[in-house]
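Worksheet: the structure to be examined is printed underneath.
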Amino acid sequence: MRLFHVSEESNIDVFHPRIPERGDLDKNKPLVWAVDENCLANFLTPRNCPRVCFQISPKTTIEDRKAYLKLSNHVVAVEKAWLQRINETTLYLYEFGSEGFKLQDESAGYYVSEIIQTPSRKIVIEDIVHVLSKYNVELRKLERLWELHDNIINSSFRWSMCRMRFAQPREV
C-alpha cells in the first residue's frame, strides 16, 4: 500500500511524530500522519484550505448519487475565495511504505505511525487543478461550504471535512 504526506514544505527528509492538534486524540501520543492513495486527492490543496470531500462507497445510495454527483464519483469542494491560492501553491507529496503505520480513520484514509518515518520519494505538484483532474476528481467551487458540509455528513458517501475552522462563517 502507498501512503503519502502532503506538505507545502519542500525539504522534509525525516518525519518525527508530533502531538496531534485534534481534540479527540491522545495528546500524550505523538504521531506521523499519512493518507492512502484512495483519499490523497482530499489533501491536494493548500494546508489550511477548508474543504468538503466525498466519494462513493459500497453504501452510497442512488438518491445521494443523483443529488450530489455531477462530473465524477469523487468531489473536493472548496470556497471560491481559495482558488487563487490553489492555483499558486506548489505541493510536495512525500511517499511512504506501510511499515509502522496503522489505520486511524478508514473513511478519511488516515494512517498514523508512532515512530520516525523516512519518505521513499518526493513528488512535486505545481498544478493542483490538473492533478485533481488526472485523479478524476471534481473540484467544486462554492461561495460557502456549510450547507454541503451538513448534507454530506448525513449522506451515504465516504467523506472527510478538512480545515473547516478556516471556512467562511455560516450564513445567518
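In the C-alpha cells, chains take letters A, B, ... by order of appearance, with residues numbered from 1 within each chain and ligands from 1 in the order shown.
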Any idea what's packed within 9 Å of segment 113-116 of chain A, counting only C-alpha atoms, ignoring anything in its chain fewer than 2 positions away? Could you give it as a count of residues only? 17
If you run DSSP on the backbone, which residues of chain A are strand (DSSP E), as a PyMOL selection string? chain A and resi 3-7+32-36+51-55+74-79+91-96+101-105+110-113+121-125+138-142+158-162
Please produce a file of those selected residues containing C-alpha atoms, as a PDB file, in the first residue's frame.
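File selection_13.pdb, as written:
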```
ATOM      1  CA  LEU A   3       0.860   6.223   1.789  1.00  0.00           C
ATOM      2  CA  PHE A   4       1.506   9.937   1.423  1.00  0.00           C
ATOM      3  CA  HIS A   5       2.042  13.059   3.458  1.00  0.00           C
ATOM      4  CA  VAL A   6       1.158  16.281   1.614  1.00  0.00           C
ATOM      5  CA  SER A   7       3.042  19.449   2.506  1.00  0.00           C
ATOM      6  CA  VAL A  32       3.275  10.885  11.966  1.00  0.00           C
ATOM      7  CA  TRP A  33       0.247  11.274   9.677  1.00  0.00           C
ATOM      8  CA  ALA A  34      -0.209   9.841   6.202  1.00  0.00           C
ATOM      9  CA  VAL A  35      -3.128   9.280   3.838  1.00  0.00           C
ATOM     10  CA  ASP A  36      -3.829   6.390   1.494  1.00  0.00           C
ATOM     11  CA  ARG A  51     -12.859  21.611   2.046  1.00  0.00           C
ATOM     12  CA  VAL A  52     -15.692  19.142   1.925  1.00  0.00           C
ATOM     13  CA  CYS A  53     -14.566  15.904   0.289  1.00  0.00           C
ATOM     14  CA  PHE A  54     -16.752  12.963  -0.568  1.00  0.00           C
ATOM     15  CA  GLN A  55     -16.751   9.911  -2.794  1.00  0.00           C
ATOM     16  CA  HIS A  74     -15.187  11.911  -6.075  1.00  0.00           C
ATOM     17  CA  VAL A  75     -15.652  15.602  -5.153  1.00  0.00           C
ATOM     18  CA  VAL A  76     -13.383  18.077  -3.406  1.00  0.00           C
ATOM     19  CA  ALA A  77     -15.448  21.199  -2.709  1.00  0.00           C
ATOM     20  CA  VAL A  78     -13.642  24.438  -1.842  1.00  0.00           C
ATOM     21  CA  GLU A  79     -14.605  28.051  -1.400  1.00  0.00           C
ATOM     22  CA  LEU A  91       2.689  20.898  -3.041  1.00  0.00           C
ATOM     23  CA  TYR A  92       5.129  18.145  -2.141  1.00  0.00           C
ATOM     24  CA  LEU A  93       3.957  14.562  -1.763  1.00  0.00           C
ATOM     25  CA  TYR A  94       6.159  12.505   0.491  1.00  0.00           C
ATOM     26  CA  GLU A  95       5.588   8.812  -0.143  1.00  0.00           C
ATOM     27  CA  PHE A  96       5.956   6.075   2.473  1.00  0.00           C
ATOM     28  CA  PHE A 101       1.648   2.746  10.049  1.00  0.00           C
ATOM     29  CA  LYS A 102      -1.764   1.706  11.287  1.00  0.00           C
ATOM     30  CA  LEU A 103      -5.207   2.721  10.084  1.00  0.00           C
ATOM     31  CA  GLN A 104      -6.608   5.613  12.123  1.00  0.00           C
ATOM     32  CA  ASP A 105      -9.755   6.533  10.115  1.00  0.00           C
ATOM     33  CA  TYR A 110      -5.795   8.388   7.607  1.00  0.00           C
ATOM     34  CA  TYR A 111      -2.877   6.293   8.770  1.00  0.00           C
ATOM     35  CA  VAL A 112      -0.628   7.088  11.725  1.00  0.00           C
ATOM     36  CA  SER A 113       2.775   5.980  12.943  1.00  0.00           C
ATOM     37  CA  ARG A 121      10.410   9.658  -2.512  1.00  0.00           C
ATOM     38  CA  LYS A 122       9.103  13.174  -3.020  1.00  0.00           C
ATOM     39  CA  ILE A 123       6.729  14.193  -5.822  1.00  0.00           C
ATOM     40  CA  VAL A 124       6.319  17.861  -6.749  1.00  0.00           C
ATOM     41  CA  ILE A 125       2.857  19.136  -7.726  1.00  0.00           C
ATOM     42  CA  GLU A 138     -14.349  17.148  -9.464  1.00  0.00           C
ATOM     43  CA  LEU A 139     -13.059  20.372  -7.914  1.00  0.00           C
ATOM     44  CA  ARG A 140     -16.338  22.006  -6.923  1.00  0.00           C
ATOM     45  CA  LYS A 141     -16.188  25.750  -6.242  1.00  0.00           C
ATOM     46  CA  LEU A 142     -18.721  27.226  -3.804  1.00  0.00           C
ATOM     47  CA  ARG A 158     -17.412   8.201   2.285  1.00  0.00           C
ATOM     48  CA  TRP A 159     -16.432  11.711   3.388  1.00  0.00           C
ATOM     49  CA  SER A 160     -13.798  13.893   5.002  1.00  0.00           C
ATOM     50  CA  MET A 161     -14.187  17.502   6.157  1.00  0.00           C
ATOM     51  CA  CYS A 162     -10.889  19.329   6.456  1.00  0.00           C
TER      52      CYS A 162
END
```
Using only C-alpha atoms, find each residue in segment 100-160 of chain A having at least one atom no more than 9 Å away from segment 41-47 of chain A; report its shortest atom-to-atom pair and that distance in Å (one decimal), rows by chain then rising number, as a Markdown table.
```
| residue | atom | partner | partner_atom | distance |
| --- | --- | --- | --- | --- |
| A:Ala108 | CA | A:Asn42 | CA | 8.5 |
| A:Ile125 | CA | A:Leu44 | CA | 8.7 |
| A:Ile128 | CA | A:Leu44 | CA | 6.4 |
| A:Val129 | CA | A:Leu44 | CA | 8.7 |
| A:Val131 | CA | A:Leu44 | CA | 8.3 |
| A:Leu132 | CA | A:Ala41 | CA | 6.3 |
| A:Tyr135 | CA | A:Ala41 | CA | 7.2 |
| A:Val137 | CA | A:Ala41 | CA | 7.3 |
| A:Ser160 | CA | A:Asn42 | CA | 7.6 |
```
